[in-house]
4 protein chains.
Amino acid sequence: MIDQPPRDDSDDKPHEECGVFGVFGHPEAAKLTYLGLYALQHRGQESAGIVTSNGNSFFQHRGMGLVVNAFSNGALDHLDGTMAVGHNRYSTSGTSTLQNAQPFVAQYQRGPLAIAHNGNLVNAFRIRRELEEQGMIFTTTSDTEVLTHLIARSRQEYLEDRLMDALKEVRGAYSLLALGKRVLVGVRDPSGFRPLWIGRIGDATILASETCALDAVEAEVVREVEPGELILVTDEGIKSIHLPMLAPHSHCIFEFLYLARADSVIFGETVVGRRMGFGRQLARECPADADIVVPMPDSANLAALGYAEESGLRFQFGLARNQYVGRTFIQPNQQDRSFQVGIKMNPIREVVDGKRVVLIDDSIMRGTTLRKMAKQIKLAGATEVHVRIAAPPTKYPCFYGIDTPTRQELIASTHTLDEVRQYIRADSLGYLSIEGMLKCVRYPYSFCTACFDGSYPIEFSGQNIQQLSIDFTRDRQR
Amino acid sequence: MIDQPPRDDSDDKPHEECGVFGVFGHPEAAKLTYLGLYALQHRGQESAGIVTSNGNSFFQHRGMGLVVNAFSNGALDHLDGTMAVGHNRYSTSGTSTLQNAQPFVAQYQRGPLAIAHNGNLVNAFRIRRELEEQGMIFTTTSDTEVLTHLIARSRQEYLEDRLMDALKEVRGAYSLLALGKRVLVGVRDPSGFRPLWIGRIGDATILASETCALDAVEAEVVREVEPGELILVTDEGIKSIHLPMLAPHSHCIFEFLYLARADSVIFGETVVGRRMGFGRQLARECPADADIVVPMPDSANLAALGYAEESGLRFQFGLARNQYVGRTFIQPNQQDRSFQVGIKMNPIREVVDGKRVVLIDDSIMRGTTLRKMAKQIKLAGATEVHVRIAAPPTKYPCFYGIDTPTRQELIASTHTLDEVRQYIRADSLGYLSIEGMLKCVRYPYSFCTACFDGSYPIEFSGQNIQQLSIDFTRDRQR
Amino acid sequence: MIDQPPRDDSDDKPHEECGVFGVFGHPEAAKLTYLGLYALQHRGQESAGIVTSNGNSFFQHRGMGLVVNAFSNGALDHLDGTMAVGHNRYSTSGTSTLQNAQPFVAQYQRGPLAIAHNGNLVNAFRIRRELEEQGMIFTTTSDTEVLTHLIARSRQEYLEDRLMDALKEVRGAYSLLALGKRVLVGVRDPSGFRPLWIGRIGDATILASETCALDAVEAEVVREVEPGELILVTDEGIKSIHLPMLAPHSHCIFEFLYLARADSVIFGETVVGRRMGFGRQLARECPADADIVVPMPDSANLAALGYAEESGLRFQFGLARNQYVGRTFIQPNQQDRSFQVGIKMNPIREVVDGKRVVLIDDSIMRGTTLRKMAKQIKLAGATEVHVRIAAPPTKYPCFYGIDTPTRQELIASTHTLDEVRQYIRADSLGYLSIEGMLKCVRYPYSFCTACFDGSYPIEFSGQNIQQLSIDFTRDRQR
Amino acid sequence: MIDQPPRDDSDDKPHEECGVFGVFGHPEAAKLTYLGLYALQHRGQESAGIVTSNGNSFFQHRGMGLVVNAFSNGALDHLDGTMAVGHNRYSTSGTSTLQNAQPFVAQYQRGPLAIAHNGNLVNAFRIRRELEEQGMIFTTTSDTEVLTHLIARSRQEYLEDRLMDALKEVRGAYSLLALGKRVLVGVRDPSGFRPLWIGRIGDATILASETCALDAVEAEVVREVEPGELILVTDEGIKSIHLPMLAPHSHCIFEFLYLARADSVIFGETVVGRRMGFGRQLARECPADADIVVPMPDSANLAALGYAEESGLRFQFGLARNQYVGRTFIQPNQQDRSFQVGIKMNPIREVVDGKRVVLIDDSIMRGTTLRKMAKQIKLAGATEVHVRIAAPPTKYPCFYGIDTPTRQELIASTHTLDEVRQYIRADSLGYLSIEGMLKCVRYPYSFCTACFDGSYPIEFSGQNIQQLSIDFTRDRQR
């Protein structure tokens, strides 16, 4: 039985969107993909899927929930072949149903095709409307289906050329994998919003969102796919093709702040180094007269350690986290969510009692969790709670693949710093500056900071974005 | 948990294909459709689905197995709206997976569309290839998706006109329902292969494959949809439109012989009358010097009773049937099927011992079951077993919606009457003649008898039919 | 997921209670037991279980629902060993939960023990209270657990002697199987209420409730276990031991009337012969001036055929039955059961229109179904409906293993013949007499007719019976 | 579908055994218990169950897996009443099946009884054999059933007195809850091996294994149940009764080292304080000439921080942990476990490259995980890896409720310090001394250190322990 994991609406965090993983030329392609998706689980927990090819036929399985749930009961056994693409999803476009679970599989003139897509196409809605006007039908609400149509319409002979034809028409963020019967393609948008890596196990080629997935399958890390680069893997080897479209690089800074796993390397730099660096810079910009530095567990651990090291304050684990909190928690009483905070994390009285606490978090979306924890920490005896955020104020929604709240819901967008401070019941509040944040990366100009300053590197029609998420049919399919 | 019901490959019967049921204008549209599909369960046990519309949105649920299994756990509760189409499926085209379960739902220029289809389009494969060459993609292996594409490509404004455009291009058998946001359409092919009925509950309109489904929801039986007639149901009422294509009527005689339920009326006549009539005619054509007439339970009950009445021989229940035999029987040992006959039915010694038995069956496909039962009946003491078939020899496969074995597997196609008799170990064997069979219906010339004489009323390319069933991807989706 | 099949409270039939099946000395003991339970499915559809022994360890699986559901997903594979007992259950004592599903397995001084029990112990409640007073605990609400306690308390060395000790203390109906590590025991109560048979496959011994289960596994039918006989099967062979308790034989006549399968032989006579005989005797006792004889499908088929043959009236199938009606039907609207009749069976207008119909049923419990069908048959055009019941009026509940309604609910217990006739809306009503019924069996004095005349062959305290069914804990275990 | 979570046999950690939670007098007793079990999830992940009483009837649900899995699909809704006991289980005695899932429910003379037990009774096997000899039957392999028998045999009138009678006969570790129709009892063995707390929500009384569960339901923490104290909760209030048995206190030091949650208070002291203290003491006893201190995530975080603070070395997060690793991971290839380490945690190259690393873990059982991680850390560039264990060498198995490996498997039991060091491929290895460990707690003499020095405070027969785990029947029940 597959139940759709309920979105926890008190959750204050941006939801990561998707992880992709592909294999070419390995006898255990499905198993490697399973392990890779498992390592990329933090990028999407709503559904998971794997499509394999044995050169003649495609085999597929998709399921709701975590990878282990989606592939329970021997589902992996049927996935024959030496080529595979897999996908973890957190829906950023389209509703959360099995029908929308990726990889998206379709048959077109040249045979079967599977696409696994991380990102968001900002003009998907407009293209979809155009295609519908030309008589096309759509069976999902995902923007990936748009891509498949464009590929099918191309007059090119080879998948890579058809894909390039299609990509010329779309705009937005994408790190995507496409699987044909005997070909694996990986491509990254010219802005390079999302990461994508190349690895190798013997003669087999691996493509994955993050290096942690390459490590998980003990693959050798080859290099990052470049922005605007298409990697073509066939029996004849690997070929690199550059898309004709050019764009300034716009790496997603949120990958460093929150999304990527601590042990990954992306955009040419380590996540761990950036994340501790943000903490150190935050200590320089927003010092606090306090006794201890406490991270929100576990996402702010590195930033808090950086803050503590730079400030000289004592780093302490002041909040215990329930390690079994998952996306499937059944709130016994939907009306009464007051228990929820105590269920996820709990202040440790001995640590915070009588102390002036610097509480480090990695971002504020709605502020609800911080508000509750700041209060709990005071109840546990802390004399002061100084909240420090290892990122600038999040004021604008993301349209390039992260599922952030709308602008109205982003508290920093509608309230002053002091209003936010009052709301979260902190004695003081400090954010990292945009400039400070960018000091921590090697090439500051190559990052997208739209969620902080509204400078969207790729234009879009807000209306389109809105409308895209209107579901034409609520699928109760299980 | 949904398990795909294994096809019982020792089964000698043609598999019925599909049942359809539609509602317009009833507050409990989904519930009525559930009941209607339940009454039409004999027409397809592989998967079931319902799509509803509340005028703005579509809601859908599909599942594998019987209606009760597919809609367990409150799946019905979410299906909002006063309009619905439902479908029971036994795959005749496309593989048996949830992805192929109907109704087929897609979004096109004019909004969402759901199609429930009973029949088989003989030129679907060719059209599909053409559409693929024009750049269309396909997400299922069902011929119904072809129809949806044709509807989407039409330049007409209204669903009914688009559907008529689409139907002009396809050839074959179809009794299909189409649901738009505020419109229900039912249409029957010009040859009238499959039945389709109109019923009424108060102001609500019902469309159903057989009258037994109208009875099940206590609907008033209005009339049969005519061959080549399109019924358009909207808020403005019911409208009848005739398709411009003309064809001689070719009702499927197998509906009378085996497929339809005994209490249904189809093609203007009662099933029960035809079925008993076949038995009587059989008695006239193929008398037997015997003591008792025994039906293969329960499908030959009516023919056997007719045979007994006409011949004056004693009608007896000589075979006990396990009432719990379902499509989900797990053969404990896949290699050893010798138990299987005893599990389904068992001779009653007291009835057959010392008797000369006329064993009535409704058809012979491969002959395996009859062969085993004839032997068992002899072992139980019968002195002679005279097999009489209340249908002509089945020599040709059906391409209009029934899933018959291939010609090579049809024993009557490859063996003489006496060879068949020897194979099934009968003392004598007699079939109903085609002429005799047609004497039992009012308008003999209006029936398709292709499975007996190979006179296919609609041409097709055998290759296409073959290829259509090649699966481009084996879906393990649950 | 196992859902408890809802009891259909509009059902007018007595529910059969249990089927048992045992194997000693066959390498595929579990598979044979599965097939045997499958053939005995009509004796219990609520839960099924199999326990096997490989001489050292026990293996068990039990599940809710039909045998095929309870043993889905490879549950059979784990049941190692050459000895097995299996059980189909329809709860007559104790509530319907997995916890109460049989075989009941316990460990006692001498090792593990499994018991599969068909019947009902009328003094189980009193013994249970006594055992509780002596400090025993109970983990189910089934009377079988009482037996296990008594076996465990015995000071005898061997299972058969312990079982005999235990049986000396209990009174009631039982055909039960007990499995030890290397011993299979079958025993039938001295009154012989329920059937139990011995079969053979090569050197392996089979014990089963009915011969149809022996046929299903192609076992040779050896003989019926005698009332008061204990069959001991070990590596040294089969031994017959007679219980010291004596009692007049009291076979359950309802086994012939309704419960057993038509192809079984029980109590030394064929079911089919008795059932047709009841119909013939009914025709002699209660003739009707009518045109056709119609059975309630399928349980009254044989009686109706007997009635037709004796009366010279024409036998006709006048009601079509939905072959897919199972115990798992989800009534979409619990409040509105008006659809239910049409869903289960439906009159065939062509057959009954203008006819005076003799409608044969095998019993009347509450009368609700007959009432509805009589009306439907009239609506379908019948001019008269004469109901004939191939059994005497059921006035008293059964305490020996059949789950009949309480006396207040049995319509014949509280209403005159004419009141019942009016209630069921029949033009006339006739029952078989007790004497007439007993004329149809060879040894009339050896049958229990308590449900018709209240002559309970074994005394009991009504209060005990009542209290036994009080559930001490409602288990929601799945 | 509930699948039994496979034990990960490469796991180096002792498995916690059980968590218990009880409620008396709250309208949402089942919901509170669900939340409490959720907070105690770290104490047992194999099965979970809740039994409630409404004063007249018991209601129960138990399931395999995590609390959220065991109580999916509305199982909570049926659990009526204001009294409840709940249990999380990791089997230490008896096999892992639904049948053994707790709370154990039975009916005895005085009515229904539910028991939830954390601990292990060292003489359970002997008592069980005695009871079996007296004619008792057992339906589970759990030692809790022994207790229930003893309670049922007592001649006392009230549950608390019966329970005390029973406890006089058993020896071992227990923090257990017993629920009668209108009474909740909590009791802790005289040695006080396992924790048990009293909380309050308004007038309702809560009993729970750890304070973190009281925090989770926002209950006021009242006090710890004392060793040898029985807490009786009825409508008349709370009563404290002391068991007549006396014993020196023997708190389980492993609760501080590893088992309890960091934010709990147990045995009168905070877990966080002890855990950091162990790290500080370790730094004093086993200094290392190194650059950074890295914890095995997340169980050694506190000890590592303590070590870093005391040693002055830099604390660093050097290993990234996959937050989604659960007990349900499906090892794709059972033969090949080489992937497993990379899947659970991964060294962060930037942190450890070129560094001399002090790697802190909380214990060594088999040493397999440490061996793999030490190698990985070196591969990631560390020049030296100095392993420091914040506990003494674990040389003896626990018989009081923790599921440790057998003595043969405990590497410290069979190898010298240097052999262990070589095996785990560390440059140096240091353990905390027993004396040093005990310096970190207030009352050193009140702790059990048997797993380190073999001084078992309660005698037992090793044979019994062994035999107890022999399963008399392998249950495949789901």
# chains A, B, ... in the order shown; residues from 1 in each chain; ligands from 1

$ closest_atom_pairs --of "chain B" --to "chain C" --cutoff "8 Å" --atoms "only C-alpha atoms" --output "tab-separated table"
residue	atom	partner	partner_atom	distance
B:Met1	CA	C:Met1	CA	6.8
B:Lys31	CA	C:Pro332	CA	6.1
B:Leu35	CA	C:Ile343	CA	7.5
B:Tyr38	CA	C:Ile343	CA	7.7
B:Ala39	CA	C:Ile343	CA	6.4
B:Gln41	CA	C:Tyr324	CA	6.9
B:His42	CA	C:Tyr324	CA	7.6
B:Val68	CA	C:Phe329	CA	6.0
B:Ser72	CA	C:Ile330	CA	7.6
B:Leu76	CA	C:Pro332	CA	7.9
B:Cys212	CA	C:Asn346	CA	7.9
B:Asp215	CA	C:Gly342	CA	6.6
B:Ala216	CA	C:Gly342	CA	4.8
B:Val217	CA	C:Phe339	CA	6.4
B:Glu218	CA	C:Phe339	CA	7.3
B:Arg261	CA	C:Ala320	CA	7.7
B:Ala262	CA	C:Ala320	CA	6.1
B:Asp263	CA	C:Ile348	CA	4.9
B:Ser264	CA	C:Ile348	CA	7.9
B:Thr270	CA	C:Glu350	CA	7.1
B:Val272	CA	C:Glu350	CA	7.4
B:Gly273	CA	C:Glu350	CA	7.2
B:Leu302	CA	C:Phe317	CA	7.3
B:Leu305	CA	C:Gln316	CA	7.8
B:Gln316	CA	C:Leu305	CA	7.8
B:Phe317	CA	C:Leu302	CA	7.4
B:Leu319	CA	C:Asp263	CA	7.6
B:Ala320	CA	C:Asp263	CA	5.7
B:Asn322	CA	C:Ala39	CA	6.7
B:Gln323	CA	C:His42	CA	7.7
B:Tyr324	CA	C:Gln41	CA	6.9
B:Thr328	CA	C:Val68	CA	6.8
B:Phe329	CA	C:Val68	CA	6.0
B:Ile330	CA	C:Val68	CA	6.7
B:Pro332	CA	C:Lys31	CA	6.1
B:Phe339	CA	C:Val217	CA	6.4
B:Gly342	CA	C:Ala216	CA	4.8
B:Ile343	CA	C:Ala216	CA	5.3
B:Asn346	CA	C:Asp263	CA	6.9
B:Pro347	CA	C:Asp263	CA	7.0
B:Ile348	CA	C:Asp263	CA	4.9
B:Arg349	CA	C:Asp263	CA	7.5
B:Glu350	CA	C:Thr270	CA	7.1
B:Val351	CA	C:Val272	CA	7.8

$ select_by_dssp --residues "region 68-122 of chain B" --states "strand (DSSP E)" --output "number ranges by chain"
B: 83-89, 104-108, 111-121

$ write_last_selection --atoms "C-alpha atoms" --output "PDB file, in the first residue's frame"
ATOM      1  CA  MET B  83     -20.809  12.667 -13.817  1.00  0.00           C
ATOM      2  CA  ALA B  84     -18.815   9.477 -14.100  1.00  0.00           C
ATOM      3  CA  VAL B  85     -17.443   6.871 -16.464  1.00  0.00           C
ATOM      4  CA  GLY B  86     -16.228   3.477 -15.331  1.00  0.00           C
ATOM      5  CA  HIS B  87     -14.510   0.544 -16.936  1.00  0.00           C
ATOM      6  CA  ASN B  88     -13.839  -3.125 -16.254  1.00  0.00           C
ATOM      7  CA  ARG B  89     -10.981  -4.478 -18.295  1.00  0.00           C
ATOM      8  CA  PHE B 104      -7.801   6.645 -20.020  1.00  0.00           C
ATOM      9  CA  VAL B 105      -7.439  10.233 -18.836  1.00  0.00           C
ATOM     10  CA  ALA B 106      -5.669  13.012 -20.668  1.00  0.00           C
ATOM     11  CA  GLN B 107      -5.639  16.759 -20.846  1.00  0.00           C
ATOM     12  CA  TYR B 108      -5.926  18.430 -24.211  1.00  0.00           C
ATOM     13  CA  GLY B 111      -9.658  20.428 -20.970  1.00  0.00           C
ATOM     14  CA  PRO B 112      -9.597  17.012 -19.395  1.00  0.00           C
ATOM     15  CA  LEU B 113     -11.017  13.982 -21.119  1.00  0.00           C
ATOM     16  CA  ALA B 114     -11.685  10.432 -19.977  1.00  0.00           C
ATOM     17  CA  ILE B 115     -12.390   7.521 -22.285  1.00  0.00           C
ATOM     18  CA  ALA B 116     -13.706   4.059 -21.425  1.00  0.00           C
ATOM     19  CA  HIS B 117     -13.548   1.726 -24.365  1.00  0.00           C
ATOM     20  CA  ASN B 118     -15.005  -1.724 -25.057  1.00  0.00           C
ATOM     21  CA  GLY B 119     -13.846  -3.205 -28.335  1.00  0.00           C
ATOM     22  CA  ASN B 120     -10.775  -3.210 -30.492  1.00  0.00           C
ATOM     23  CA  LEU B 121      -9.604  -0.821 -33.197  1.00  0.00           C
TER      24      LEU B 121
END

$ select_by_dssp --residues "region 45-77 of chain A" --states "helix (DSSP H, G or I)" --output "compact mmCIF listing (two decimals) with N, CA and C atoms, in the first residue's frame"
# COMPACT_ATOMS: atom_id res chain seq x y z
N VAL A 67 12.80 5.78 -1.10
CA VAL A 67 13.31 4.75 -2.01
C VAL A 67 13.05 3.36 -1.44
N VAL A 68 13.31 3.17 -0.16
CA VAL A 68 13.13 1.83 0.41
C VAL A 68 11.67 1.40 0.37
N ASN A 69 10.77 2.34 0.51
CA ASN A 69 9.35 2.00 0.44
C ASN A 69 8.91 1.77 -0.99
N ALA A 70 9.37 2.65 -1.87
CA ALA A 70 8.95 2.55 -3.27
C ALA A 70 9.44 1.26 -3.92
N ALA A 75 10.79 -5.27 -6.04
CA ALA A 75 10.52 -4.52 -7.27
C ALA A 75 11.77 -4.39 -8.12
N LEU A 76 12.93 -4.41 -7.46
CA LEU A 76 14.18 -4.22 -8.15
C LEU A 76 14.50 -5.40 -9.08
N ASP A 77 14.02 -6.57 -8.69
CA ASP A 77 14.41 -7.80 -9.39
C ASP A 77 14.02 -7.79 -10.87

$ residues_around --residues "region 414-426 of chain C" --least-positions-apart "5" --cutoff "7 Å" --atoms "only C-alpha atoms" --output "VMD selection string"
chain C and resid 367 370 to 371 374 to 375 385 to 387 408

$ write_last_selection --atoms "C-alpha atoms" --output "compact mmCIF listing (two decimals), in the first residue's frame"
# COMPACT_ATOMS: atom_id res chain seq x y z
CA GLY C 367 -36.85 -14.26 5.21
CA LEU C 370 -36.95 -14.31 -0.28
CA ARG C 371 -39.21 -11.35 0.42
CA ALA C 374 -40.54 -12.78 -4.60
CA LYS C 375 -41.35 -9.15 -5.24
CA VAL C 385 -45.05 -17.02 -6.83
CA HIS C 386 -45.34 -20.18 -4.79
CA VAL C 387 -42.48 -20.55 -2.38
CA GLN C 408 -35.96 -14.10 17.98

$ residues_around --residues "Val122 (chain C)" --least-positions-apart "3" --cutoff "7 Å" --atoms "only C-alpha atoms" --output "VMD selection string"
chain C and resid 171 to 172 399 460 465

$ atom_distance --atom1 "CA of Cys252 (chain D)" --atom2 "CA of Cys448 (chain D)"
5.3 Å

$ residues_around --residues "Val185 (chain A)" --least-positions-apart "6" --cutoff "8 Å" --atoms "only C-alpha atoms" --output "PyMOL selection string"
chain A and resi 160+177-179+230-233

$ residues_around --residues "Pro457 (chain A)" --least-positions-apart "3" --cutoff "10 Å" --atoms "only C-alpha atoms" --output "NGL selection string"
:A and (172 or 191 or 247-250 or 400 or 447-450 or 454 or 460)

$ atom_distance --atom1 "CA of Asp289 (chain C)" --atom2 "CA of Glu435 (chain C)"
23.5 Å

$ residues_around --residues "Gly55 (chain D)" --least-positions-apart "4" --cutoff "10 Å" --atoms "only C-alpha atoms" --output "list in words"
Asp80, Gly81, Thr82, Met83, Gly180, Lys181, Arg182 and Val183 of chain D

$ atom_distance --atom1 "CA of Arg129 (chain A)" --atom2 "CA of Ile127 (chain B)"
24.1 Å
